[in-house]
Amino acid sequence: MKVNELCSIIENVAPLELADDWDNVGLLVGDKNCTITGIVTCVDLTFGAIDYAIEHNCNMIITHHPVIFIPIKRVVYNDYSSDLIIKCIENHINVYVSHTNMDMAENGINFTFFKKLNVKAERFLNDGLGVFGEFNGDLDKLLLKVKEITNEKALKFYKAQNTNLAEKCKIAFVSGSGGRIEEVAKKCAEKEIMVFISSEFKHNILLELIANNVNVIEIGHFESEIIFTDIIYNLLKNKISNLYKYVSLI
(Lines give C-alpha, C1' and ligand atoms only; values in the text may rest on other atoms or scores of the structure.)
Protein backbone atom coordinates (compact mmCIF):
# COMPACT_ATOMS: atom_id res chain seq x y z
CA MET A 1 0.00 0.00 0.00
CA LYS A 2 1.21 3.49 -0.86
CA VAL A 3 0.85 6.44 1.51
CA ASN A 4 -1.60 8.17 -0.82
CA GLU A 5 -3.81 5.05 -0.82
CA LEU A 6 -3.83 5.08 2.97
CA CYS A 7 -4.78 8.77 2.96
CA SER A 8 -7.78 8.00 0.76
CA ILE A 9 -8.96 5.20 3.06
CA ILE A 10 -8.92 7.44 6.12
CA GLU A 11 -10.41 10.42 4.31
CA ASN A 12 -13.35 8.31 3.14
CA VAL A 13 -14.24 8.05 6.84
CA ALA A 14 -13.11 11.52 7.95
CA PRO A 15 -12.94 13.93 4.97
CA LEU A 16 -10.40 16.73 5.39
CA GLU A 17 -13.08 19.36 4.76
CA LEU A 18 -14.74 18.42 8.07
CA ALA A 19 -11.74 19.82 9.96
CA ASP A 20 -11.91 23.24 11.61
CA ASP A 21 -10.26 26.11 9.74
CA TRP A 22 -7.54 26.46 12.39
CA ASP A 23 -6.66 22.77 12.25
CA ASN A 24 -3.81 21.08 10.37
CA VAL A 25 -4.73 17.63 9.04
CA GLY A 26 -3.62 15.19 6.37
CA LEU A 27 -0.08 14.09 5.50
CA LEU A 28 2.22 16.41 7.50
CA VAL A 29 5.54 14.58 7.12
CA GLY A 30 6.66 12.26 4.35
CA ASP A 31 6.15 11.10 0.78
CA LYS A 32 2.70 10.29 -0.61
CA ASN A 33 4.29 7.85 -3.10
CA CYS A 34 6.15 5.87 -0.42
CA THR A 35 5.33 2.17 0.05
CA ILE A 36 4.18 1.47 3.60
CA THR A 37 6.09 -1.19 5.55
CA GLY A 38 3.94 -0.95 8.67
CA ILE A 39 1.67 1.43 10.59
CA VAL A 40 1.49 2.67 14.18
CA THR A 41 -1.61 4.56 15.28
CA CYS A 42 -1.56 6.80 18.35
CA VAL A 43 -3.13 9.93 19.80
CA ASP A 44 0.04 12.05 19.75
CA LEU A 45 3.36 11.97 17.93
CA THR A 46 5.88 11.39 20.73
CA PHE A 47 9.42 10.06 20.91
CA GLY A 48 7.97 6.89 22.42
CA ALA A 49 5.65 6.42 19.45
CA ILE A 50 8.49 7.00 16.97
CA ASP A 51 10.75 4.52 18.77
CA TYR A 52 7.89 2.00 18.77
CA ALA A 53 7.47 2.45 15.01
CA ILE A 54 11.21 1.96 14.42
CA GLU A 55 11.22 -1.15 16.62
CA HIS A 56 8.36 -2.69 14.64
CA ASN A 57 9.67 -1.73 11.18
CA CYS A 58 6.84 0.74 10.57
CA ASN A 59 7.39 3.76 8.34
CA MET A 60 3.90 5.25 8.88
CA ILE A 61 2.45 6.87 12.00
CA ILE A 62 -1.19 7.97 12.14
CA THR A 63 -1.93 10.44 14.92
CA HIS A 64 -4.97 12.33 16.15
CA HIS A 65 -3.22 15.51 17.29
CA PRO A 66 -1.08 17.42 14.77
CA VAL A 67 2.61 17.78 15.54
CA ILE A 68 2.41 21.03 13.54
CA PHE A 69 -0.53 23.25 14.51
CA ILE A 70 0.60 26.51 12.96
CA PRO A 71 3.10 27.27 10.18
CA ILE A 72 6.65 26.94 11.50
CA LYS A 73 9.50 29.23 10.46
CA ARG A 74 12.36 26.91 11.24
CA VAL A 75 13.15 23.27 12.01
CA VAL A 76 16.10 23.13 14.40
CA TYR A 77 17.56 20.71 16.90
CA ASN A 78 16.73 21.04 20.62
CA ASP A 79 13.21 22.27 19.88
CA TYR A 80 10.52 19.74 20.86
CA SER A 81 8.35 19.80 17.74
CA SER A 82 11.35 20.16 15.45
CA ASP A 83 13.10 17.21 17.08
CA LEU A 84 10.03 15.02 16.51
CA ILE A 85 9.87 16.00 12.84
CA ILE A 86 13.62 15.54 12.36
CA LYS A 87 13.56 12.09 13.96
CA CYS A 88 10.74 11.02 11.62
CA ILE A 89 12.56 12.32 8.55
CA GLU A 90 15.87 10.73 9.59
CA ASN A 91 14.09 7.37 9.98
CA HIS A 92 11.96 7.75 6.82
CA ILE A 93 8.71 7.76 8.80
CA ASN A 94 5.60 9.35 7.28
CA VAL A 95 3.13 11.10 9.60
CA TYR A 96 -0.58 11.46 8.88
CA VAL A 97 -3.02 13.41 11.07
CA SER A 98 -6.80 13.06 11.41
CA HIS A 99 -7.92 15.53 14.07
CA THR A 100 -11.13 17.60 14.18
CA ASN A 101 -12.31 15.89 11.01
CA MET A 102 -12.22 12.61 12.94
CA ASP A 103 -14.03 14.28 15.84
CA MET A 104 -16.84 15.38 13.52
CA ALA A 105 -17.14 12.26 11.33
CA GLU A 106 -20.10 9.92 11.79
CA ASN A 107 -17.70 7.01 12.24
CA GLY A 108 -15.28 9.14 14.24
CA ILE A 109 -14.50 9.58 17.91
CA ASN A 110 -17.72 11.09 19.29
CA PHE A 111 -20.11 8.78 17.46
CA THR A 112 -17.99 5.68 18.16
CA PHE A 113 -17.90 6.57 21.86
CA PHE A 114 -21.71 6.51 21.92
CA LYS A 115 -21.83 3.25 19.94
CA LYS A 116 -19.79 1.66 22.70
CA LEU A 117 -22.34 3.01 25.20
CA ASN A 118 -25.18 1.58 23.05
CA VAL A 119 -26.64 5.07 22.70
CA LYS A 120 -28.24 6.37 19.51
CA ALA A 121 -26.29 9.54 18.81
CA GLU A 122 -27.49 12.91 17.57
CA ARG A 123 -25.19 15.85 16.91
CA PHE A 124 -24.94 18.08 19.97
CA LEU A 125 -23.35 21.48 19.35
CA ASN A 126 -24.31 23.93 16.61
CA ASP A 127 -21.04 23.34 14.74
CA GLY A 128 -21.74 19.60 14.65
CA LEU A 129 -19.26 18.66 17.36
CA GLY A 130 -20.23 16.24 20.10
CA VAL A 131 -23.18 13.90 20.49
CA PHE A 132 -26.16 13.41 22.78
CA GLY A 133 -28.75 10.69 23.36
CA GLU A 134 -30.45 8.51 25.95
CA PHE A 135 -28.38 6.06 27.99
CA ASN A 136 -30.18 2.95 29.18
CA GLY A 137 -28.83 2.47 32.68
CA ASP A 138 -28.14 4.13 36.00
CA LEU A 139 -25.16 6.25 37.04
CA ASP A 140 -23.06 3.33 38.28
CA LYS A 141 -23.44 1.55 34.94
CA LEU A 142 -22.56 4.74 33.04
CA LEU A 143 -19.44 5.41 35.12
CA LEU A 144 -18.28 1.80 34.65
CA LYS A 145 -18.77 1.95 30.87
CA VAL A 146 -16.91 5.27 30.58
CA LYS A 147 -13.98 3.79 32.52
CA GLU A 148 -13.94 0.74 30.23
CA ILE A 149 -13.97 2.82 27.03
CA THR A 150 -11.36 5.37 28.11
CA ASN A 151 -9.10 3.27 30.38
CA GLU A 152 -9.50 6.22 32.74
CA LYS A 153 -8.19 5.51 36.22
CA ALA A 154 -9.14 8.79 37.89
CA LEU A 155 -12.27 10.25 36.33
CA LYS A 156 -14.04 12.93 38.35
CA PHE A 157 -17.78 13.08 38.97
CA TYR A 158 -19.54 16.31 39.92
CA LYS A 159 -23.11 15.69 41.10
CA ALA A 160 -25.83 18.25 40.59
CA GLN A 161 -28.03 18.46 43.69
CA ASN A 162 -31.47 18.41 42.10
CA THR A 163 -31.14 15.40 39.82
CA ASN A 164 -32.08 11.75 40.11
CA LEU A 165 -30.12 9.43 37.84
CA ALA A 166 -32.38 6.41 37.51
CA GLU A 167 -32.64 3.69 34.88
CA LYS A 168 -32.46 6.05 31.90
CA CYS A 169 -30.85 9.45 31.44
CA LYS A 170 -30.05 11.83 28.62
CA ILE A 171 -26.29 12.26 28.22
CA ALA A 172 -23.90 14.24 26.02
CA PHE A 173 -20.24 13.78 25.11
CA VAL A 174 -17.66 16.04 23.48
CA SER A 175 -14.17 14.61 23.01
CA GLY A 176 -10.98 16.53 23.70
CA SER A 177 -11.28 19.98 25.22
CA GLY A 178 -15.09 20.07 25.17
CA GLY A 179 -15.15 21.39 28.73
CA ARG A 180 -13.68 24.66 27.46
CA ILE A 181 -16.46 25.39 24.95
CA GLU A 182 -18.70 28.17 26.26
CA GLU A 183 -21.72 26.93 24.30
CA VAL A 184 -21.77 23.64 26.21
CA ALA A 185 -23.58 24.75 29.38
CA LYS A 186 -26.47 26.45 27.59
CA LYS A 187 -26.79 23.58 25.12
CA CYS A 188 -27.01 21.08 27.98
CA ALA A 189 -29.81 23.10 29.58
CA GLU A 190 -31.62 23.43 26.24
CA LYS A 191 -31.42 19.67 25.51
CA GLU A 192 -32.23 18.71 29.15
CA ILE A 193 -28.98 16.78 29.44
CA MET A 194 -28.59 15.00 32.78
CA VAL A 195 -24.92 13.98 32.43
CA PHE A 196 -22.23 15.72 30.38
CA ILE A 197 -18.97 13.87 29.67
CA SER A 198 -15.80 15.64 28.50
CA SER A 199 -12.42 16.98 29.61
CA GLU A 200 -10.48 20.21 30.30
CA PHE A 201 -13.37 21.98 32.03
CA LYS A 202 -13.13 25.71 32.58
CA HIS A 203 -14.20 26.50 36.13
CA ASN A 204 -17.04 28.82 35.14
CA ILE A 205 -18.49 26.28 32.70
CA LEU A 206 -18.34 23.54 35.33
CA LEU A 207 -20.20 25.77 37.82
CA GLU A 208 -22.86 26.71 35.26
CA LEU A 209 -23.46 23.08 34.32
CA ILE A 210 -23.95 22.06 37.94
CA ALA A 211 -26.22 25.08 38.55
CA ASN A 212 -28.31 23.93 35.57
CA ASN A 213 -28.71 20.49 37.22
CA VAL A 214 -26.28 18.82 34.83
CA ASN A 215 -24.05 16.15 36.36
CA VAL A 216 -20.50 16.15 35.01
CA ILE A 217 -18.10 13.29 34.32
CA GLU A 218 -14.62 14.71 33.72
CA ILE A 219 -12.00 12.54 32.03
CA GLY A 220 -8.52 13.32 30.79
CA HIS A 221 -8.04 14.83 27.32
CA PHE A 222 -5.89 11.88 26.23
CA GLU A 223 -8.36 9.38 27.69
CA SER A 224 -11.31 11.04 25.93
CA GLU A 225 -9.65 10.42 22.57
CA ILE A 226 -7.82 7.12 23.08
CA ILE A 227 -10.65 5.49 21.13
CA PHE A 228 -9.01 7.02 18.03
CA THR A 229 -6.46 4.19 18.03
CA ASP A 230 -9.26 1.61 17.90
CA ILE A 231 -11.00 3.42 15.04
CA ILE A 232 -7.87 3.48 12.88
CA TYR A 233 -6.86 -0.07 13.81
CA ASN A 234 -10.29 -1.48 12.92
CA LEU A 235 -10.34 0.52 9.69
CA LEU A 236 -7.00 -0.89 8.52
CA LYS A 237 -6.69 -4.35 10.12
CA ASN A 238 -7.86 -6.16 6.97
CA LYS A 239 -5.71 -4.03 4.66
CA ILE A 240 -2.24 -4.31 6.19
CA SER A 241 -0.67 -6.94 8.44
CA ASN A 242 2.04 -4.89 10.16
CA LEU A 243 -0.32 -2.69 12.20
CA TYR A 244 -0.02 -1.57 15.84
CA LYS A 245 -1.73 0.61 18.44
CA TYR A 246 0.50 2.78 20.66
CA VAL A 247 -1.56 3.86 23.67
CA SER A 248 1.01 5.46 25.95
CA LEU A 249 0.75 9.18 26.77
CA ILE A 250 4.51 9.68 26.21
# chains A, B, ... in the order shown; residues from 1 in each chain; ligands from 1
$ select_by_dssp --residues "segment 12-200 of chain A" --states "strand (DSSP E or B)" --output "number ranges by chain"
A: 26-29, 35, 39-42, 60-63, 94-97, 122-123, 131-136, 156-158, 168-173, 195-198
$ select_by_dssp --residues "segment 23-124 of chain A" --states "helix (DSSP H, G or I)" --output "PyMOL selection string"
chain A and resi 47-55+80-90+100-104+109-116
$ residues_around --residues "Thr46 of chain A" --least-positions-apart "3" --cutoff "8 Å" --atoms "only C-alpha atoms" --output "list of chain:residue names"
A:Ala49, A:Ile50, A:Leu84, A:Ile250
$ atom_distance --atom1 "atom CA of Thr63 of chain A" --atom2 "atom CA of Gly130 of chain A"
19.9 Å
$ residues_around --residues "Lys187 of chain A" --least-positions-apart "5" --cutoff "9 Å" --atoms "only C-alpha atoms" --output "list in words"
Phe124, Leu125, Asn126, Glu192 and Ile193 of chain A
$ closest_residue --among "A:Glu182, A:Glu17, A:Glu208, A:Glu148" --to "Phe113 of chain A" --atoms "only C-alpha atoms"
A:Glu148
$ closest_residue --among "A:Val247, A:Leu139, A:Lys239, A:Tyr80" --to "Met194 of chain A" --atoms "only C-alpha atoms"
A:Leu139
$ residues_around --residues "Ile36 of chain A" --least-positions-apart "6" --cutoff "7 Å" --atoms "only C-alpha atoms" --output "list in words"
Met1, Lys2, Val3, Asn59 and Met60 of chain A
$ closest_residue --among "A:Glu55, A:Glu5, A:Phe201, A:Asn101" --to "Asp21 of chain A" --atoms "only C-alpha atoms"
A:Asn101
$ residues_around --residues "Asn136 of chain A" --least-positions-apart "5" --cutoff "8 Å" --atoms "only C-alpha atoms" --output "VMD selection string"
chain A and resid 119 167 to 169
$ residues_around --residues "Glu200 of chain A" --least-positions-apart "5" --cutoff "10 Å" --atoms "only C-alpha atoms" --output "list in words"
Ser175, Gly176, Ser177, Gly178, Gly179, Arg180, Ile181, Leu206, Glu218, Ile219, Gly220 and His221 of chain A
$ closest_residue --among "A:Ile231, A:Val195, A:Ala105, A:Ile54" --to "Ile89 of chain A" --atoms "only C-alpha atoms"
A:Ile54
$ closest_residue --among "A:Leu236, A:Ile10, A:Ala53, A:Ile149" --to "Met102 of chain A" --atoms "only C-alpha atoms"
A:Ile10
